[in-house]
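Below is one structure, written out as structure tokens; comments come after it.
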Amino acid sequence: MSAVERNGHRGDDLARMTMPDDAQQMLEVARDRGISTVWDRLAAQEPQCGYCALGVSCRNCSMGPCRIDPFGEGPQKGVCGAGADLIVARNLGRAIAAGSSAHSDHGRDILEVFAATAKGDTSGYQITDEAKLRRLAEEWGVTTGDRPVAEIASDLADAMYTDFGSRKKELGFVERAPDQRRALWERLGLTPRGIDRENVEMLHRTHMGVDSDYANILLHGLRTSLADGWGGSMIATELSDVMFGTPTPRMSQVNLGTLKVDQVNIALHGHNPLLSDVIVQAAADPELVALAHEKGAAGINLVGLCCTGNELLMRRGVPIAGNHLMQELVIMTGALEAMVVDYQCIMPSVTDVAKCFHTKVISTSDKAKFPGATHVPFDPQHGLDIGKAIVRMAVEAYPDRNPDRVRIPTEPVPMMSGFSVEAIVGALGGTPGPLVDAIAAGSIRGAVAVVGCNNPKIALDYAHVMLTRRLIENDILVLVTGCAAVANGKAGQMVPDAADSAGPGLRTVCRALGIPPVLHMGSCVDNTRVLVLAAALAKHLGVDISALPLAGAAPEWYSEKAIAIGAYVVASGITTVLGVQPPIFGSTNVVNLLANGLEGVVGAKFAVEPDPEKAAVLIRRHIEEKRRGLGLPFIEPATITAEPVPAGA
Amino acid sequence: MPTVFVNPERCIGCLQCEFACATEHSTTHQVALAPFELPPPRKRIHVAAGPRPSTAFPNKCRHCDPAPCQQVCPTGAIRRDAEHDVVLIDGAKCIACAMCAMVCPFDVITFYALANGAAGRTVAVKCDSCIERLRAGRIPACVESCKVDALVFGDLNEIVAAGRQRETAAVFAATTAADSARPMPESIVAWRDLGAATARAGGTR
């Protein structure tokens with residue numbers, strides 16, 4: 001009996017799953033060929049451990065492991081004396097530190113290559129957006145003037161390096177936040193001081209015998225996340241723009257149909273654009289294209305996956321094959337010669353699936369190796385050569401493809417991408433004023449960032465797409481990043497014509513500007529673009545971010561990085577709705593603090609609502625509350641329900 | 001005669017009983033080593049996911065009397081230990097015909113080669129109620145590992161009587177809460193409600 005059959009309540013009936021068609025067809029391939037997927041493995045894991053799901057198990061020391069009986073009759077204290085509140089807070093704190101570390105280490109990798117490029121020590125990299133470099137330099141107090149670009153870049157890199165340590169009282173990008181928010185952070189002790197420092201301090205605090213006050217740990221959790229959002233991630237976004245270009249709106253395509261039946265297909269998967277960007281250059285190499293022809297292919301076709309895919313889609317319009325849960329399924333098309341991976345969210349299972357086909361998995365980061373993959377270590381000094389070597393491996397795998405096993409399930413869907421803050425403000429005529437005016441007039445009620453991952457506990461893309469649809473129908477502008485962006489792209493909600501499914505106010509604005517009602521702002525580190533946009537709107541209005549009619553949502557989140565993002569978005573003043581429950585329900589006090597108490601502390605809070613229809617109602621009410629608070633025309637929040645408003649009402 | 005009684009509504013699916021059972025039936029009896037033994041130690045209790053999310057049922061041999069498995073065993077490999085009222089399988093006599101599994105009302109008889117089995121042959125494997133522990137005056141390993149009273153060990157009539165007393169108390173405790181003698185914590189109610197909501201969002205509406 002397979003794991004899927006064993007599972008009584010989920011995953012056994014593909015037809016009932018409201019998944020995109022390309023995924024459903026590939027799941028048939030998986031079933032026919034007996035290939036295990038993430039859904040099978042979830043079924044095999046059930047029932048998942050209740051202690052862990054509730055967050056009341058602790059493995060931090062070897063007096064334990066300990067767990068608290070959530071029924072209240074068994075042990076209520078770990079061996080050290082920690083109760084449910086402390087154990088839940090410790091676990092959550094460590095998850096935030098892990099997520100922040102992932103983003104920030106990504107940022108550091110970008111910074112290192114940026115610094116080396118400034119010194120001329122790299123191949124395949126250059127300063128692409130000099131104007132942005134100069135703006136950043138001025139922000140960071142680096143003299144610009146007539147100095148050579150390389151010198152400015154070098155000094156900026158040095159300045160940013162200091163943000164990773166503990167020599168400063170606050171991070172450089174904190175100045176971007178409105179004064180009210182900075183004063184609040186200062187008062188609460190939330191101002192992030194050093195990117196690595198806050199992560200290390202969290203590991204220290206959650207060691208046995210250090211911080212035993214759950215609320216104190218959670219406050220430091222917010223500071224840790226702010227060091228990600230206004231630190232590590234923001235450096236990653238901004239320097240990627242400088243090196244690879246600041247995104248501008250462009251059309252591309254999405255879903256498994258982006259694979260080409262007669263070409264060498266290479267999927268670029270992971271999060272860091274450093275290598276994938278030079279692979280885009282390498283794939284255009286005439287010698288390699290000729291080799292592809294020699295092998296019988298019509299050309300070399302690059303597609304993206306996950307956030308490496310989003311980075312390439314935003315800046316170069318490279319089509320994107322899918323989001324997180326598509327990474328196993330893309331191999332099952334039988335048409336993928338190579339999957340090139342860097343790091344983060346790459347399931348260890350991809351090498352198992354690849355064994356059933358001719359696909360080569362090529363790992364490239366020395367910090368992320370995958371047994372079964374071919375490892376080609378990335379080295380920025382020889383970036384272009386390495387890129388060419390990888391593309392060559394893919395081309396040489398093309399003759400191994402078995403045409404009888406090729407099944408590209410669908411036609412690609414068009415999507416528009418490339419909405420950096422610079423691009424959005426540019427589209428508005430150089431100032432956020434017109435957007436503010438549209439919000440003030442009520443034609444746009446507010447804006448919501450729908451972000452985050454896929455999670456097999458939610459039908460693939462279902463929550464992202466339904467929540468987004470309900471929001472735009474009700475004149476709420478939706479900003480998307482990461483897997484949420486790809487989900488909406490697949491659903492056809494990210495083309496200018498999707499304005500037709502928006503409410504009348506939003507539709508008019510989108511039509512006037514020629515933009516979709518759902519704007520792609522980038523990868524998951526690019527959630528910092530949402531912070532920058534929110535800060536710009538707040539400064540334009542002279543209010544704190546928490547006063548704005550904004551919200552965040554992570555309907556299908558799964559990762560520690562998503563926990564860090566949720567925390568920095570809330571700590572920045574934007575209430576956030578999670579679609580999958582975090583492991584905190586073992587402590588009523590922690591739940592109450594995060595879902596209620598935080599409102600009075602940082603002006604925003606968390607909510608958990610798996611049903612996207614109900615989440616939409618919750619968010620719409622929240623946005624109308626904020627409109628009321630700003631003295632703008634508002635709809636009485638209590639009157640908002642899931643029922644559609646009758647026409648003409 | 002004491003036996004293992006299951007309160008399925010208490011089970012939170014931690015699988016600790018499965019782990020403890022396999023460890024108890026290992027050669028080393030050590031948590032850190034047992035998972036690496038060959039042939040692998042096998043669990044005899046099976047926590048199955050319930051029909052709704054966040055529910056689970058720890059299923060094991062009920063040591064029926066008369067035991068259908070014992071009645072159909074063609075080789076006489078299954079017998080009842082009179083002292084502890086436990087149904088036991090003699091691996092040396094088992095021919096792995098699976099007649100016992102076919103008639104088992106609970107589907108808890110599995111087939112594996114065991115470290116103490118006959119020369120690596122696959123034989124029928126099921127709960128032996130930790131009879132060695134019982135003989136030493138200890139309770140079964142699964143019950144010991146369960147921190148939420150999903151598994152309890154005792155005399156059937158006493159356990160049932162205790163439940164009846166709780167129900168009786170509940171009848172008089174409040175008219176609004178039938179289970180107020182043993183209230184469900186808010187955290188559990190919220191967790192299960194959200195689990196059900198997550199499942200609905202997961203496409204199983």
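Ligands are numbered from 1 in the order shown, chains are lettered A, B, ... in the order of the structure tokens, and residues start at 1 in each chain.
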Got a sec to pull out which chain B residues are within 8 Å of chain A, counting only C-alpha atoms, and send them as a PyMOL selection string? chain B and resi 12-15+47-56+147-148+184-188+190-191+194+197-204
What's around range 74-80 of chain B at 6 Å? Count only C-alpha atoms, leave out sequence neighbours fewer than 3 positions away in its own chain, and write the answer as a PyMOL selection string. chain B and resi 70+86-90+93-94
Would you put the residues from that selection into a file with N, CA and C atoms, as a PDB file, in the first residue's frame?
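Below you can see part-v5.pdb, which holds the result:
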```pdb
ATOM      1  N   GLN B  70      -5.589 -17.220  16.831  1.00  0.00           N
ATOM      2  CA  GLN B  70      -5.190 -18.489  17.454  1.00  0.00           C
ATOM      3  C   GLN B  70      -6.032 -19.635  16.890  1.00  0.00           C
ATOM      4  N   VAL B  86      -2.174 -13.022  27.685  1.00  0.00           N
ATOM      5  CA  VAL B  86      -1.619 -12.375  26.500  1.00  0.00           C
ATOM      6  C   VAL B  86      -1.502 -13.399  25.381  1.00  0.00           C
ATOM      7  N   VAL B  87      -1.900 -12.988  24.147  1.00  0.00           N
ATOM      8  CA  VAL B  87      -1.767 -13.869  22.984  1.00  0.00           C
ATOM      9  C   VAL B  87      -0.366 -13.715  22.414  1.00  0.00           C
ATOM     10  N   LEU B  88       0.348 -14.850  22.280  1.00  0.00           N
ATOM     11  CA  LEU B  88       1.750 -14.818  21.853  1.00  0.00           C
ATOM     12  C   LEU B  88       1.944 -15.642  20.589  1.00  0.00           C
ATOM     13  N   ILE B  89       2.935 -15.222  19.755  1.00  0.00           N
ATOM     14  CA  ILE B  89       3.273 -15.974  18.543  1.00  0.00           C
ATOM     15  C   ILE B  89       4.647 -16.601  18.732  1.00  0.00           C
ATOM     16  N   ASP B  90       4.731 -17.887  18.426  1.00  0.00           N
ATOM     17  CA  ASP B  90       6.021 -18.581  18.461  1.00  0.00           C
ATOM     18  C   ASP B  90       6.605 -18.549  17.041  1.00  0.00           C
ATOM     19  N   LYS B  93       7.502 -21.730  15.110  1.00  0.00           N
ATOM     20  CA  LYS B  93       6.444 -22.572  14.527  1.00  0.00           C
ATOM     21  C   LYS B  93       5.723 -21.868  13.380  1.00  0.00           C
ATOM     22  N   CYS B  94       5.871 -20.545  13.299  1.00  0.00           N
ATOM     23  CA  CYS B  94       5.122 -19.753  12.297  1.00  0.00           C
ATOM     24  C   CYS B  94       5.605 -20.090  10.890  1.00  0.00           C
TER      25      CYS B  94
END
```
Out of range 1-200 of chain B, which residues get strand (DSSP E) from DSSP, as a count of residues only? 34
Could you pull out the alpha helix (DSSP H) residues of range 293-451 of chain A, going by DSSP on the backbone, and write them as an MDAnalysis selection string? chainID A and resid 293:294 306:316 350:354 383:397 421:427 433:441
Preceding selection exported with C-alpha atoms as a PDB file, in the first residue's frame:
```pdb
ATOM      1  CA  HIS A 293      22.528  22.093 -32.941  1.00  0.00           C
ATOM      2  CA  GLU A 294      25.159  19.409 -33.482  1.00  0.00           C
ATOM      3  CA  CYS A 306      11.549  29.228  -7.291  1.00  0.00           C
ATOM      4  CA  CYS A 307      13.359  32.467  -6.466  1.00  0.00           C
ATOM      5  CA  THR A 308      16.410  32.073  -8.695  1.00  0.00           C
ATOM      6  CA  GLY A 309      13.706  31.927 -11.339  1.00  0.00           C
ATOM      7  CA  ASN A 310      12.066  35.076  -9.964  1.00  0.00           C
ATOM      8  CA  GLU A 311      15.383  36.964 -10.023  1.00  0.00           C
ATOM      9  CA  LEU A 312      15.904  36.035 -13.696  1.00  0.00           C
ATOM     10  CA  LEU A 313      12.270  36.683 -14.587  1.00  0.00           C
ATOM     11  CA  MET A 314      12.326  40.141 -12.993  1.00  0.00           C
ATOM     12  CA  ARG A 315      15.543  41.302 -14.637  1.00  0.00           C
ATOM     13  CA  ARG A 316      15.907  39.315 -17.849  1.00  0.00           C
ATOM     14  CA  VAL A 350      15.314  16.155  -6.643  1.00  0.00           C
ATOM     15  CA  THR A 351      18.324  13.905  -7.151  1.00  0.00           C
ATOM     16  CA  ASP A 352      16.114  10.848  -6.467  1.00  0.00           C
ATOM     17  CA  VAL A 353      13.568  11.958  -9.064  1.00  0.00           C
ATOM     18  CA  ALA A 354      16.359  12.819 -11.520  1.00  0.00           C
ATOM     19  CA  GLY A 383      32.055  32.894 -13.304  1.00  0.00           C
ATOM     20  CA  LEU A 384      31.606  32.901 -17.071  1.00  0.00           C
ATOM     21  CA  ASP A 385      33.836  29.844 -17.649  1.00  0.00           C
ATOM     22  CA  ILE A 386      31.956  27.896 -14.996  1.00  0.00           C
ATOM     23  CA  GLY A 387      28.655  28.993 -16.505  1.00  0.00           C
ATOM     24  CA  LYS A 388      29.772  27.714 -19.904  1.00  0.00           C
ATOM     25  CA  ALA A 389      30.977  24.400 -18.437  1.00  0.00           C
ATOM     26  CA  ILE A 390      27.569  23.874 -16.834  1.00  0.00           C
ATOM     27  CA  VAL A 391      25.655  24.711 -20.011  1.00  0.00           C
ATOM     28  CA  ARG A 392      27.947  22.317 -21.904  1.00  0.00           C
ATOM     29  CA  MET A 393      27.064  19.491 -19.481  1.00  0.00           C
ATOM     30  CA  ALA A 394      23.392  20.114 -20.182  1.00  0.00           C
ATOM     31  CA  VAL A 395      23.865  20.194 -23.951  1.00  0.00           C
ATOM     32  CA  GLU A 396      25.810  16.945 -23.847  1.00  0.00           C
ATOM     33  CA  ALA A 397      22.963  15.300 -21.909  1.00  0.00           C
ATOM     34  CA  VAL A 421       9.977  50.181  -6.390  1.00  0.00           C
ATOM     35  CA  GLU A 422      11.850  52.296  -8.934  1.00  0.00           C
ATOM     36  CA  ALA A 423       9.664  50.865 -11.708  1.00  0.00           C
ATOM     37  CA  ILE A 424       6.420  51.410  -9.777  1.00  0.00           C
ATOM     38  CA  VAL A 425       7.320  54.977  -8.841  1.00  0.00           C
ATOM     39  CA  GLY A 426       8.478  55.510 -12.422  1.00  0.00           C
ATOM     40  CA  ALA A 427       5.144  54.264 -13.767  1.00  0.00           C
ATOM     41  CA  GLY A 433       1.714  60.672  -5.050  1.00  0.00           C
ATOM     42  CA  PRO A 434      -0.735  59.243  -7.629  1.00  0.00           C
ATOM     43  CA  LEU A 435      -0.922  55.925  -5.746  1.00  0.00           C
ATOM     44  CA  VAL A 436      -1.537  57.776  -2.489  1.00  0.00           C
ATOM     45  CA  ASP A 437      -4.209  59.859  -4.211  1.00  0.00           C
ATOM     46  CA  ALA A 438      -5.944  56.746  -5.574  1.00  0.00           C
ATOM     47  CA  ILE A 439      -5.915  55.220  -2.089  1.00  0.00           C
ATOM     48  CA  ALA A 440      -7.151  58.441  -0.518  1.00  0.00           C
ATOM     49  CA  ALA A 441      -9.989  58.679  -3.021  1.00  0.00           C
TER      50      ALA A 441
END
```
Using only C-alpha atoms, find each residue in range 102-163 of chain B having at least one atom no more than 12 Å away from range 16-19 of chain B; report its shortest atom-to-atom pair and that distance in Å (one decimal), rows by chain then rising number, as a Markdown table.
```
| residue | atom | partner | partner_atom | distance |
| --- | --- | --- | --- | --- |
| B:Cys127 | CA | B:Glu18 | CA | 11.1 |
| B:Pro140 | CA | B:Cys17 | CA | 9.8 |
| B:Ala141 | CA | B:Cys17 | CA | 7.3 |
| B:Cys142 | CA | B:Cys17 | CA | 4.3 |
| B:Val143 | CA | B:Cys17 | CA | 7.1 |
| B:Glu144 | CA | B:Cys17 | CA | 8.1 |
| B:Ser145 | CA | B:Cys17 | CA | 5.6 |
| B:Cys146 | CA | B:Cys17 | CA | 6.2 |
| B:Lys147 | CA | B:Gln16 | CA | 8.9 |
| B:Val148 | CA | B:Gln16 | CA | 10.8 |
| B:Asp149 | CA | B:Cys17 | CA | 11.4 |
| B:Ala150 | CA | B:Cys17 | CA | 9.9 |
| B:Leu151 | CA | B:Cys17 | CA | 8.7 |
| B:Val152 | CA | B:Cys17 | CA | 11.6 |
```
Could you pull the residues within 12 Å of Val160 in chain B, counting only C-alpha atoms, minus those fewer than 6 positions along the same chain, as a PDB file with N, CA and C atoms, in the first residue's frame?
```pdb
ATOM      1  N   THR B   3      -4.734  -4.606  31.223  1.00  0.00           N
ATOM      2  CA  THR B   3      -4.527  -4.579  29.772  1.00  0.00           C
ATOM      3  C   THR B   3      -4.288  -3.134  29.312  1.00  0.00           C
ATOM      4  N   PHE B   5      -5.430   0.000  27.414  1.00  0.00           N
ATOM      5  CA  PHE B   5      -6.700   0.604  26.994  1.00  0.00           C
ATOM      6  C   PHE B   5      -6.370   1.871  26.205  1.00  0.00           C
ATOM      7  N   VAL B   6      -7.089   2.082  25.102  1.00  0.00           N
ATOM      8  CA  VAL B   6      -6.787   3.232  24.239  1.00  0.00           C
ATOM      9  C   VAL B   6      -7.870   4.296  24.380  1.00  0.00           C
ATOM     10  N   ASN B   7      -7.461   5.545  24.608  1.00  0.00           N
ATOM     11  CA  ASN B   7      -8.371   6.691  24.545  1.00  0.00           C
ATOM     12  C   ASN B   7      -8.030   7.473  23.277  1.00  0.00           C
ATOM     13  N   VAL B 152      -3.444   3.766  28.334  1.00  0.00           N
ATOM     14  CA  VAL B 152      -3.364   3.553  29.781  1.00  0.00           C
ATOM     15  C   VAL B 152      -3.354   2.042  30.036  1.00  0.00           C
ATOM     16  N   PHE B 153      -2.800   1.640  31.160  1.00  0.00           N
ATOM     17  CA  PHE B 153      -2.672   0.228  31.477  1.00  0.00           C
ATOM     18  C   PHE B 153      -3.367  -0.038  32.798  1.00  0.00           C
ATOM     19  N   GLY B 154      -4.290  -0.980  32.784  1.00  0.00           N
ATOM     20  CA  GLY B 154      -4.975  -1.286  34.038  1.00  0.00           C
ATOM     21  C   GLY B 154      -6.074  -2.293  33.802  1.00  0.00           C
ATOM     22  N   ARG B 166     -16.270   9.977  35.569  1.00  0.00           N
ATOM     23  CA  ARG B 166     -16.067  11.311  34.988  1.00  0.00           C
ATOM     24  C   ARG B 166     -17.328  11.776  34.288  1.00  0.00           C
ATOM     25  N   GLU B 167     -17.952  10.856  33.542  1.00  0.00           N
ATOM     26  CA  GLU B 167     -19.172  11.216  32.835  1.00  0.00           C
ATOM     27  C   GLU B 167     -20.251  11.623  33.825  1.00  0.00           C
TER      28      GLU B 167
END
```
With a distance cut-off of 6 Å and only C-alpha atoms, select the neighbouring residues of Ile45 in chain B, excluding the residue or stretch itself and same-chain residues fewer than 2 positions from it, and output the selection as number ranges by chain. B: 18, 43, 59-60
